[in-house]
Structure formats: C-alpha cells, structure tokens
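What follows is one structure encoded as structure tokens, with my remarks underneath.
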Amino acid sequence: MNNIMKILKKEMREVFRDRKSLAMMLIIPIMIPLLVLGMSALFELQINKDPEEYNKIGFTYELSEEEKNLAQELNIEYSEGTPEEIKKSYENGEIYLYIDKDNNNFTVNYSESDDLSSFALNLADTYIASYQQMLQSTYLLEHDIDPNEVLNIVNTTYQITDEDSNYFSNYITIYAFMFIIMAITVSATYPATDTTAGEKERGTLETLLTFPIKSRDIIIGKLASVTLSSIITGLLSLILALASLAYANNIFEIYKGINIMPSISSIIVAIIIIIFYSLFISGLCIAIASMSKTFKEAQSALTPLTFISFFPSMIAFMINITTTPLLAIVPFLNFTLIFTDINAGNIDIINIMLMIISTLIYITLVIVYIIRQYKSEKILFNE
Amino acid sequence: MLKVENIRKKFEKFKNKKEKEEFYAVDGISFEANDGSIIGILGPNGAGKTTLLRIIAGIMEPSEGTVRFDDLTYDKNAVDIKREIAVLSGNTHLYKNISPYELLKMCAEIYDVPSSEIDKRIKEISEMLEMDKFLYNRIENLSTGQTQKVNIARCFIHHPKYYILDEVTSGLDIIASQIILDFIKKEKKNNKVILYSTHYMEEAENICDYVIMINKGKIIATGTPMEIRKKTATSNLRDAFFSLVGGYHE
C-alpha cells in the first residue's frame with residue numbers, strides 16, 4: 001500500500017471516529033435547508049403582507065365624504081381626530097402612519113424603522129395620488145373637459161425580460177452557494193486542527209515521525225484526508241441545497257412561474273469549485289494549524305478563516321461585482337463570483353481556468369510551506 | 001550494529017529578554033552498540049538524553065556527526081533505517097480512539113508486514129503480552145499498564161532490530177515498569193540492540209550491559225556498570241554519577 005494511502009486511511013479513520021469532526025462536517029450542511037426555506041418564507045412574508053396588518057392610518061383633520069369613500073375603496077382603516085389625539089394613537093401603535101393636511105399640502109408622518117409603517121406609506125401614497133386624481137377629474141368636469149383626454153394619456157406596459165428568475169431566486173441561490181463554501185471551511189477547520197496541533201498536543205506526532213514514511217507523504221496524506229472530508233461536506237451541502245431549492249420552488253408564491261434551480265452547467269461548476277475550494281482551504285487550515293502548539297491555539301488562529309470565506313463574497317454579491325480576470329485569481333472571492341456569473345448564464349472559460357490554475361498554484365505553495373514546517377524542529381517539538 | 005559518531009546538536013535559548021545565545025544540548029557524543037546488547041544512556045533531566053535519542057531515531061537532525069545502522073545513514077537511507085527501529089518514549093503516545101488490534105494492524109501495514117502475516121503476528125504478540133482481554137477495546141479506555149503493553153506491542157509488530165527506549169518507565173507503577181523490563185531482557189536474548197535511557201540509575205544498573213553517563217550534553221563516563229563503579233570507587237551508579245559531577249550542586 002502506498003505510504004500516502006496508509007496515512008490517508010489512518011486519518012480518515014480518525015475523522016470518522018471523532019464525534020466532533022463528524023459534527024463539524026454535518027452541522028452547516030444541515031443548516032442549509034433551514035436557511036433556504038427560512039429566507040424564502042421571510043421574503044414571502046415581506047412581499048405578500050396582508051393589508052389588514054398595516055392599513056390603520058390616522059388623519060389629523062375631518063375627512064370629506066369623498067375622502068372617506070376613497071379610503072374605504074383602498075381598504076384603509078382610517079381614524080380621525082385632533083393632531084394631538086392622532087399623534088398619541090400613532091405613538092401608542094394604534095395606527096401606523098398619520099397624515100396632516102394644510103389646504104392641499106399633505107404631510108405624511110411615518111417611521112423608517114418600522115416595517116408596518118413603511119408598508120402603510122405605500123398605501124398613503126396611493127391614497128394621496130388617487131385623491132389628487134379625484135380633484136383633477138372634478139375640476140376638469142366642471143370645465144366641461146373629459147378627464148380621460150387629459151389624465152392617463154400615457155400607457156405603460158411592463159415586460160419582464162428574465163422570466164425564469166427574479167431578485168429573490170437569484171438571492172437565495174447565491175446565498176445557498178455561499179453557505180456551501182462556509183460549510184466546507186468549517187468542515188476543514190476541525191480535522192486540520194486535529195491532525196496537526198491536536199496530534200502534537202496528544203503526543204502522537206512523535207510516534208508518527210518514527211514511522212518509515214517521508215514527511216512529504218505524511219503531509220500529503222493528511223491534506224488528502226482533510227480535503228476528502230471537506231469535499232464530502234461540500235457535496236452533501238450541495239445535495240441538501242438543491243433539494244431545499246426544489247422544495248422552496250414548489251411551495252413559495254414568490255417563485256411562482258420561475259425556476260430557481262441552478263442549471264446543469266451551474267451544478268457542474270459548483271462541483272468543480274467545491275473540489276478546488278476544499279483542496280485550497282484544507283491546505284490553508286493545515287498550514288495555519290501546524291504552526292500552533294495546542295489545539296486551542298490552532299482553533300483561535302483558524303476562526304477568522306470562517307469569516308474570510310464568507311463575507312468578501314457576500315459583499316461582492318451585494319454590490320453586484322462581476323468576475324474579471326484579476327478577480328478570478330483572488331482567493332475566496334473568485335469561487336463565489338464565478339458561481340454567480342454561471343448562475344446568471346455568463347460562462348467565461350478564461351475566468352474559470354484562471355480560478356483553477358491560481359488555486360493549484362496556491363495549493364502548491366501551501367504544500368511546500370507545510371513540508372518546510374514539518375522539517376522545523378521548532379514547530380514539531382515546540383522547543 | 002549501531003555506531004554514533006561525534007553527534008552535536010545546537011539550539012538557541014534566550015540569554016535575557018532580547019538576546020539569544022547558542023548552546024549544545026548534545027556535544028560530541030560517540031559510542032557503539034553491538035547486536036544483543038542493552039546500552040544505558042544515563043543522566044539527569046535536561047542532560048540531553050532525549051535529544052540524543054531523537055537524533056538516533058531520525059526525528060531530529062544533528063548539527064554535526066553521523067548515526068550509522070549497519071552502514072546505513074539517515075541522509076541516504078532514512079526510510080530503510082526507520083523500518084528497522086522501534087521508538088518508545090515518554091513523549092510517544094497512542095491514538096486513543098482505536099482499539100489495540102486496529103493500531104497494531106495500522107502499524108503492521110505502515111511497516112509493510114505482509115497482509116497474510118498481520119493477524120498471525122497480532123495473535124502472537126497479544127498472547128505474549130497477555131493482551132487478549134482488551135485487544136478490541138478502545139485505547140482511551142485502557143489502564144496505564146494495558147496502554148504500555150499496547151505501546152510495546154506497537155514497537156514489536158515489525159520485528160525491529162533496534163529499540164530506542166527513552167524514559168519508558170517514568171511515571172509508571174511497578175507492574176507496568178516490570179512489563180517493559182521483562183520485554184527488554186527478552187529482546188536482548190533475540191540479539192537486538194536496545195538503547196535504554198533513564199534517570200533511574202538503579203534500574204539501569206540491573207539491566208544494562210554498558211552504560212553511557214551524560215551530563216550537560218557531554219559524556220562523563222562510559223563502561224559496564226561494574227567498571228564505572230570501580231572507576232569512581234562507589235557502590236552504585238547513583239553515587240558514581242555524583243562523584244563524576246562533583247556532588248549534587250549545579
């Protein structure tokens with residue numbers, strides 16, 4: 001049996017025997033369906049809010065019959081009173097917004113931080129626009145002019161150009177992918193710590209070094225085991241993400257008529273990214289953890305990696321950055337950017353190749369670095 | 001035959017808060033160990049025993065000097081040498097979440113013991129060291145004595161020619177210590193070379209054929225226990241050591 005395979009076998013047994021390693025491999029993947037379904041439910045709740053929940057609007061003046069009819073037509077549950085009474089009702093949460101009127105000058109009082117108040121604002125805007133149109137029509141009729149010849153003379157038709165996606169579908173798919181990346185990072189952290197600093201702390205590293213195996217083979221075996229466990233986590237996460245996206249697609253109204261499932265090409269690229277990212281993050285975790293004297297020290301040193309793996313990608317997605325050849329070689333960021341592009345239907349082979357080649361270069365550098373560390377007595381024996 | 005030739009190992013230590021200085025943890029040690037002999041490496045804690053044995057075991061590189069195992073040296077034949085040696089020390093620990101059987105199988109595979117022979121060897125060793133009752137229990141659940149038996153079994157699985165044993169009885173109770181001492185005597189009869197480092201002088205006196213006393217990285221005396229006692233005009237190795245270093249003051 002090849003020496004690397006012997007180390008791989010030993011390390012994989014350690015990973016699968018250790019409850020904490022297994023928990024780390026499974027904990028984030030299990031959270032992915034919760035994230036996909038939870039976020040979808042939240043979006044839906046925001047979009048399809050029942051007007052009954054936010055239609056309580058106060059008026060600091062007496063409404064005319066026409067105004068009352070208009071409010072009723074718009075399903076506004078209105079209340080009238082003095083400015084003091086209405087303000088008090090607003091502060092007590094009995095109404096979500098109130099309107100002052102001075103001649104035909106309206107002041108809408110609402111809260112930016114309150115969801116219901118923001119929804120009520122849309123209703124108030126509609127009310128004021130309708131009221132304005134009502135006044136304009138009355139005026140025109142009084143002057144024997146057909147309002148239809150003055151008002152509504154411009155027609156607008158809205159045509160959706162990407163009927164197979166919407167803001168939410170794109171959002172949920174990319175976030176699911178970013179969670180896969182995060183799951184891989186978390187999954188790599190624990191076995192990488194255990195196999196380096198953990199082994200040093202437990203005193204088994206010295207035993208391992210007495211075996212007739214070259215340091216290079218020990219390191220590659222260890223890297224292979226951490227990578228393999230990360231790939232398992234990544235693929236499990238991908239399967240759970242796809243299953244939960246398919247389920248969300250069927251049950252949520254916000255995805256009605258569109259397909260939120262990534263295309264086959266997106267899935268293939270996702271698998272390639274999972275493999276390369278697992279290799280990259282495993283090497284990085286081993287390099288960092290092997291410098292630490294204790295398991296705890298290594299865990300502390302690796303904690304920022306979880307954030308680094310997630311936040312740059314999240315920010316790039318939020319500000320709509322797309323992949324350029326330069327960004328395709330920026331570690332961490334490139335994986336999500338390329339997936340985002342592919343998901344949007346933009347397949348750029350050069351960027352994908354740049355990501356693969358740069359990752360291979362980084363991994364080679366990391367392996368060379370770890371091999372040097374495993375020759376350093378300062379690192380191995382903490383002396 | 002093992003030949004250690006003028007081994008020196010340089011380290012750095014802090015002289016004060018800012019400055020570092022170099023020192024030799026092992027300074028010019030040479031000796032030979034013939035087949036079928038037990039060589040005692042004796043000295044107090046910090047004398048350089050562990051560093052010397054780590055160099056001989058090939059897990060640390062000397063700053064100067066060479067270690068030869070039947071004409072093989074680490075710079076060219078590291079893997080071949082490691083196949084022939086077994087290292088057991090207070091610093092070497094076992095994987096806790098596997099059973100002794102799994103550990104022995106893993107070690108046998110690493111040392112390229114033919115797969116058809118692995119189970120036979122495990123059975124033989126298990127009977128010899130009376131490990132049958134706990135062979136399939138997890139190592140983390142074993143007593144200190146049982147763990148030490150597993151450690152010995154691990155060393156023995158590939159039938160090494162050289163044993164490097166560093167402070168192996170430190171902290172062990174009388175039964176666990178005796179298991180190791182009996183094992184060493186048995187392997188000596190099988191013509192193996194055993195390097196046995198300890199700071200228990202009485203223990204060394206009982207089992208070592210030849211003794212190398214070191215202090216502050218340097219050899220201060222060599223010979224059979226009887227020769228050293230005679231040379232220092234003392235009745236035991238403990239007194240001989242104090243006589244050689246001029247008392248117990250630093």
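Chain identifiers are assigned as A, B, and so on, following the order in which chains appear in the structure tokens; residues are numbered from 1 within each chain, and ligands are numbered from 1 in order of appearance.
Within 9 Å of chain B, and using only C-alpha atoms, the residues found on chain A are Met1, Asn3, Lys6, Ile7, Lys9, Lys10, Arg13, Glu14, Arg17, Asp18, Glu199, Arg202, Gly203, Thr204, Leu205, Glu206, Thr207, Leu208, Leu209, Thr210, Phe211, Pro212, Ile213, Lys214, Lys375, Glu377 and Glu383 of chain A.
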Shell around range 119-131 of chain B at 8 Å using only C-alpha atoms, local window under 5 positions removed, as number ranges by chain: B: 101, 104-105, 146, 149-150, 153, 156-157
Residue nearest Asn34 in chain B among B:Leu2, B:Ile164, B:Val67, B:Ala204 (counting only C-alpha atoms): B:Leu2
Point-to-point distance from CA of Ile342 in chain A to CA of Asn166 in chain A, Å rounded to tenths: 15.7 Å
Picked from range 77-158 of chain A by DSSP as helix (DSSP H, G or I), as a PyMOL selection string: chain A and resi 83-91+115-142+147-150
Restricting the output to N, CA and C atoms, write the selected residues as a short mmCIF file (atom, residue, chain, number, x, y, z; two decimals), in the first residue's frame.
data_model
loop_
_atom_site.label_atom_id
_atom_site.label_comp_id
_atom_site.auth_asym_id
_atom_site.auth_seq_id
_atom_site.Cartn_x
_atom_site.Cartn_y
_atom_site.Cartn_z
N PRO A 83 -54.81 66.83 15.95
CA PRO A 83 -53.40 66.41 15.78
C PRO A 83 -52.84 65.73 17.02
N GLU A 84 -53.21 66.20 18.20
CA GLU A 84 -52.68 65.62 19.45
C GLU A 84 -53.18 64.19 19.64
N GLU A 85 -54.51 64.02 19.38
CA GLU A 85 -55.11 62.68 19.57
C GLU A 85 -54.49 61.66 18.60
N ILE A 86 -54.35 62.10 17.35
CA ILE A 86 -53.83 61.19 16.32
C ILE A 86 -52.36 60.85 16.60
N LYS A 87 -51.61 61.88 17.03
CA LYS A 87 -50.19 61.64 17.32
C LYS A 87 -50.05 60.63 18.47
N LYS A 88 -50.94 60.78 19.46
CA LYS A 88 -50.91 59.87 20.61
C LYS A 88 -51.22 58.43 20.16
N SER A 89 -52.23 58.31 19.26
CA SER A 89 -52.59 56.98 18.74
C SER A 89 -51.40 56.36 17.99
N TYR A 90 -50.71 57.23 17.24
CA TYR A 90 -49.54 56.75 16.48
C TYR A 90 -48.44 56.28 17.43
N GLU A 91 -48.20 57.09 18.48
CA GLU A 91 -47.16 56.72 19.44
C GLU A 91 -47.52 55.46 20.22
N ASP A 115 -41.47 48.32 9.93
CA ASP A 115 -41.91 47.64 8.71
C ASP A 115 -43.34 48.02 8.33
N LEU A 116 -44.24 47.94 9.33
CA LEU A 116 -45.66 48.17 9.06
C LEU A 116 -45.88 49.62 8.63
N SER A 117 -45.13 50.56 9.23
CA SER A 117 -45.24 51.96 8.87
C SER A 117 -44.80 52.17 7.42
N SER A 118 -43.71 51.44 7.02
CA SER A 118 -43.23 51.55 5.64
C SER A 118 -44.26 51.02 4.65
N PHE A 119 -44.91 49.91 5.02
CA PHE A 119 -45.97 49.38 4.15
C PHE A 119 -47.15 50.36 4.08
N ALA A 120 -47.50 50.97 5.23
CA ALA A 120 -48.61 51.93 5.28
C ALA A 120 -48.30 53.14 4.40
N LEU A 121 -46.99 53.45 4.26
CA LEU A 121 -46.59 54.59 3.44
C LEU A 121 -47.01 54.38 1.99
N ASN A 122 -46.84 53.16 1.48
CA ASN A 122 -47.26 52.86 0.11
C ASN A 122 -48.76 53.11 -0.06
N LEU A 123 -49.49 52.68 0.98
CA LEU A 123 -50.95 52.84 0.96
C LEU A 123 -51.30 54.34 0.97
N ALA A 124 -50.59 55.10 1.81
CA ALA A 124 -50.84 56.54 1.92
C ALA A 124 -50.52 57.24 0.60
N ASP A 125 -49.41 56.81 -0.04
CA ASP A 125 -49.03 57.40 -1.35
C ASP A 125 -50.14 57.16 -2.38
N THR A 126 -50.65 55.91 -2.39
CA THR A 126 -51.72 55.57 -3.33
C THR A 126 -52.96 56.43 -3.05
N TYR A 127 -53.23 56.57 -1.74
CA TYR A 127 -54.40 57.36 -1.33
C TYR A 127 -54.27 58.81 -1.83
N ILE A 128 -53.10 59.42 -1.59
CA ILE A 128 -52.90 60.83 -1.96
C ILE A 128 -52.94 61.00 -3.49
N ALA A 129 -52.31 60.04 -4.20
CA ALA A 129 -52.32 60.10 -5.67
C ALA A 129 -53.76 59.99 -6.20
N SER A 130 -54.52 59.08 -5.59
CA SER A 130 -55.92 58.89 -6.03
C SER A 130 -56.74 60.13 -5.70
N TYR A 131 -56.46 60.71 -4.54
CA TYR A 131 -57.19 61.91 -4.13
C TYR A 131 -56.90 63.06 -5.10
N GLN A 132 -55.60 63.15 -5.47
CA GLN A 132 -55.21 64.20 -6.41
C GLN A 132 -55.93 64.00 -7.74
N GLN A 133 -55.99 62.76 -8.19
CA GLN A 133 -56.65 62.47 -9.47
C GLN A 133 -58.15 62.79 -9.38
N MET A 134 -58.70 62.51 -8.19
CA MET A 134 -60.13 62.78 -7.99
C MET A 134 -60.39 64.30 -8.10
N LEU A 135 -59.52 65.09 -7.46
CA LEU A 135 -59.67 66.56 -7.52
C LEU A 135 -59.50 67.07 -8.96
N GLN A 136 -58.50 66.48 -9.64
CA GLN A 136 -58.23 66.91 -11.02
C GLN A 136 -59.42 66.58 -11.92
N SER A 137 -59.98 65.39 -11.75
CA SER A 137 -61.14 64.98 -12.58
C SER A 137 -62.33 65.89 -12.33
N THR A 138 -62.58 66.21 -11.04
CA THR A 138 -63.70 67.08 -10.67
C THR A 138 -63.55 68.45 -11.35
N TYR A 139 -62.33 68.98 -11.27
CA TYR A 139 -62.04 70.29 -11.86
C TYR A 139 -62.27 70.27 -13.36
N LEU A 140 -61.78 69.22 -14.02
CA LEU A 140 -61.90 69.13 -15.48
C LEU A 140 -63.38 69.02 -15.89
N LEU A 141 -64.11 68.20 -15.12
CA LEU A 141 -65.53 68.02 -15.43
C LEU A 141 -66.29 69.34 -15.28
N GLU A 142 -65.92 70.11 -14.24
CA GLU A 142 -66.56 71.41 -14.00
C GLU A 142 -66.33 72.36 -15.17
N PRO A 147 -61.95 64.17 -18.49
CA PRO A 147 -60.66 63.87 -17.79
C PRO A 147 -59.81 62.85 -18.54
N ASN A 148 -60.47 61.92 -19.24
CA ASN A 148 -59.70 60.88 -19.94
C ASN A 148 -58.84 61.45 -21.07
N GLU A 149 -59.21 62.67 -21.51
CA GLU A 149 -58.40 63.27 -22.58
C GLU A 149 -57.17 63.99 -22.02
N VAL A 150 -57.19 64.20 -20.70
CA VAL A 150 -56.05 64.89 -20.06
C VAL A 150 -55.23 63.93 -19.18
#
Closest atom pairs, residues of range 23-113 of chain A within 8 Å of range 187-190 of chain A, only C-alpha atoms, as a Markdown table:
| residue | atom | partner | partner_atom | distance |
| --- | --- | --- | --- | --- |
| A:Met24 | CA | A:Ser187 | CA | 5.2 |
| A:Met25 | CA | A:Ser187 | CA | 4.6 |
| A:Leu26 | CA | A:Ser187 | CA | 7.8 |
Polymer residues at most 8 Å from Thr51 in chain B, only C-alpha atoms, same-chain spacing of 4 or more positions, as a list of chain:residue names: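 Returned residues: B:Lys9, B:Ala25, B:Val26, B:Ile55, B:Met60.
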DSSP strand (DSSP E) selection over range 65-239 of chain A, as an MDAnalysis selection string: chainID A and resid 77:80 97:102 105:109
Take the residues from that selection and write them out as a tab-separated table (two decimals), in the first residue's frame, keeping C-alpha atoms.
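Generated file (selection.tsv):
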chain	number	residue	atom	x	y	z
A	77	GLU	CA	-58.96	51.65	8.24
A	78	TYR	CA	-58.99	55.33	8.97
A	79	SER	CA	-59.27	57.26	12.18
A	80	GLU	CA	-59.83	60.99	12.54
A	97	LEU	CA	-48.93	56.42	9.98
A	98	TYR	CA	-50.80	59.69	10.11
A	99	ILE	CA	-51.44	62.48	7.62
A	100	ASP	CA	-51.63	66.23	8.22
A	101	LYS	CA	-53.27	68.49	5.67
A	102	ASP	CA	-52.97	72.22	5.20
A	105	ASN	CA	-50.46	70.30	1.23
A	106	PHE	CA	-50.14	66.87	2.80
A	107	THR	CA	-47.57	65.84	5.40
A	108	VAL	CA	-47.16	62.10	5.88
A	109	ASN	CA	-45.72	61.12	9.27
B:Ile174, B:Glu32, B:Glu205, B:Ile180 ranked by distance to Asn151 in chain B, top pick (using only C-alpha atoms):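 When distances to Asn151 in chain B are compared using only C-alpha atoms, the smallest one comes from B:Ile180.
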Shortest interatomic distance to Pro225 in chain B - which of B:Ile56, B:Leu195, B:Ile41, B:Leu142, counting only C-alpha atoms: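 Result for the nearest residue to Pro225 in chain B: B:Ile41.
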Pick from A:Ile181, A:Met261, A:Leu223, A:Ile329 nearest to Ile273 in chain A, counting only C-alpha atoms: A:Ile181
For Leu242 in chain A, the nearest of the candidates A:Ala197, A:Leu37, A:Gly93, A:Thr323, counting only C-alpha atoms: A:Leu37
Shell of 12 Å around Lys186 in chain B, only C-alpha atoms, local chain residues under 4 positions omitted, as a list in words: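 The filter keeps Gly36, Ser37, Ile38, Met128, Leu129, Phe156, Ile179, Ile180, Leu181, Asp182, Asn190, Asn191, Lys192, Val193, Ile194 and Ile207 of chain B.
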Selection: 12 Å around Leu238 in chain A, only C-alpha atoms, excl. self and same-chain fewer than 5 positions, as JSON, numbers by chain: {"A": [28, 29, 30, 31, 32, 33, 173, 174, 175, 176, 177, 178, 179, 180, 181, 182, 183, 184, 231, 232, 233, 243, 244, 245, 261, 262, 266, 267, 268, 269, 270, 271, 272, 273, 274, 275]}
Just the selected residues (C-alpha atoms), exported as a PDB file, in the first residue's frame, please.
ATOM      1  CA  ILE A  28     -23.577  23.611   8.443  1.00  0.00           C
ATOM      2  CA  PRO A  29     -24.932  21.345   5.660  1.00  0.00           C
ATOM      3  CA  ILE A  30     -27.938  20.588   7.862  1.00  0.00           C
ATOM      4  CA  MET A  31     -28.479  24.318   8.307  1.00  0.00           C
ATOM      5  CA  ILE A  32     -28.621  24.964   4.550  1.00  0.00           C
ATOM      6  CA  PRO A  33     -32.231  23.759   4.058  1.00  0.00           C
ATOM      7  CA  THR A 173     -29.385  30.511  -4.955  1.00  0.00           C
ATOM      8  CA  ILE A 174     -26.222  32.556  -4.368  1.00  0.00           C
ATOM      9  CA  TYR A 175     -26.696  32.548  -0.613  1.00  0.00           C
ATOM     10  CA  ALA A 176     -27.144  28.773  -0.644  1.00  0.00           C
ATOM     11  CA  PHE A 177     -23.855  28.522  -2.540  1.00  0.00           C
ATOM     12  CA  MET A 178     -22.063  30.856  -0.118  1.00  0.00           C
ATOM     13  CA  PHE A 179     -23.296  28.659   2.727  1.00  0.00           C
ATOM     14  CA  ILE A 180     -21.809  25.635   0.954  1.00  0.00           C
ATOM     15  CA  ILE A 181     -18.449  27.458   0.917  1.00  0.00           C
ATOM     16  CA  MET A 182     -18.861  28.271   4.605  1.00  0.00           C
ATOM     17  CA  ALA A 183     -19.759  24.638   5.374  1.00  0.00           C
ATOM     18  CA  ILE A 184     -16.567  23.467   3.654  1.00  0.00           C
ATOM     19  CA  ILE A 231     -15.448  17.507  -0.296  1.00  0.00           C
ATOM     20  CA  ILE A 232     -17.908  15.144   1.416  1.00  0.00           C
ATOM     21  CA  THR A 233     -19.298  18.135   3.353  1.00  0.00           C
ATOM     22  CA  ALA A 243     -33.271  19.574  -2.566  1.00  0.00           C
ATOM     23  CA  SER A 244     -34.316  22.562  -0.475  1.00  0.00           C
ATOM     24  CA  LEU A 245     -34.338  24.886  -3.504  1.00  0.00           C
ATOM     25  CA  MET A 261     -32.952  25.546  -9.601  1.00  0.00           C
ATOM     26  CA  PRO A 262     -29.389  26.139 -10.855  1.00  0.00           C
ATOM     27  CA  SER A 266     -24.044  25.753 -12.734  1.00  0.00           C
ATOM     28  CA  ILE A 267     -24.159  22.465 -10.825  1.00  0.00           C
ATOM     29  CA  ILE A 268     -21.098  21.131 -12.674  1.00  0.00           C
ATOM     30  CA  VAL A 269     -19.171  24.341 -11.990  1.00  0.00           C
ATOM     31  CA  ALA A 270     -20.341  24.214  -8.363  1.00  0.00           C
ATOM     32  CA  ILE A 271     -18.887  20.680  -8.044  1.00  0.00           C
ATOM     33  CA  ILE A 272     -15.578  21.826  -9.596  1.00  0.00           C
ATOM     34  CA  ILE A 273     -15.475  24.778  -7.195  1.00  0.00           C
ATOM     35  CA  ILE A 274     -16.275  22.516  -4.223  1.00  0.00           C
ATOM     36  CA  ILE A 275     -13.328  20.252  -5.108  1.00  0.00           C
TER      37      ILE A 275
END
Which of B:Lys76, B:Gly65, B:Phe31, B:Thr198 sits closest to Lys10 in chain B [using only C-alpha atoms]: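 Of B:Lys76, B:Gly65, B:Phe31, B:Thr198, the one nearest Lys10 in chain B is B:Gly65, counting only C-alpha atoms.
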Straight-line distance linking CA of Ser265 in chain A with CA of Asn346 in chain A, stated in Å to one decimal: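 If I compute the distance from CA of Ser265 in chain A to CA of Asn346 in chain A, I get 10.5 Å.
Omitting range 293-297 of chain A and its sequence neighbours fewer than 5 positions away, and counting only C-alpha atoms, the residues within 10 Å are Tyr190, Thr193, Asp194, Thr195, Thr196, Ala197, Gly198, Glu199, Lys200, Glu201, Arg202, Leu302, Ile379, Leu380, Phe381 and Asn382 of chain A.
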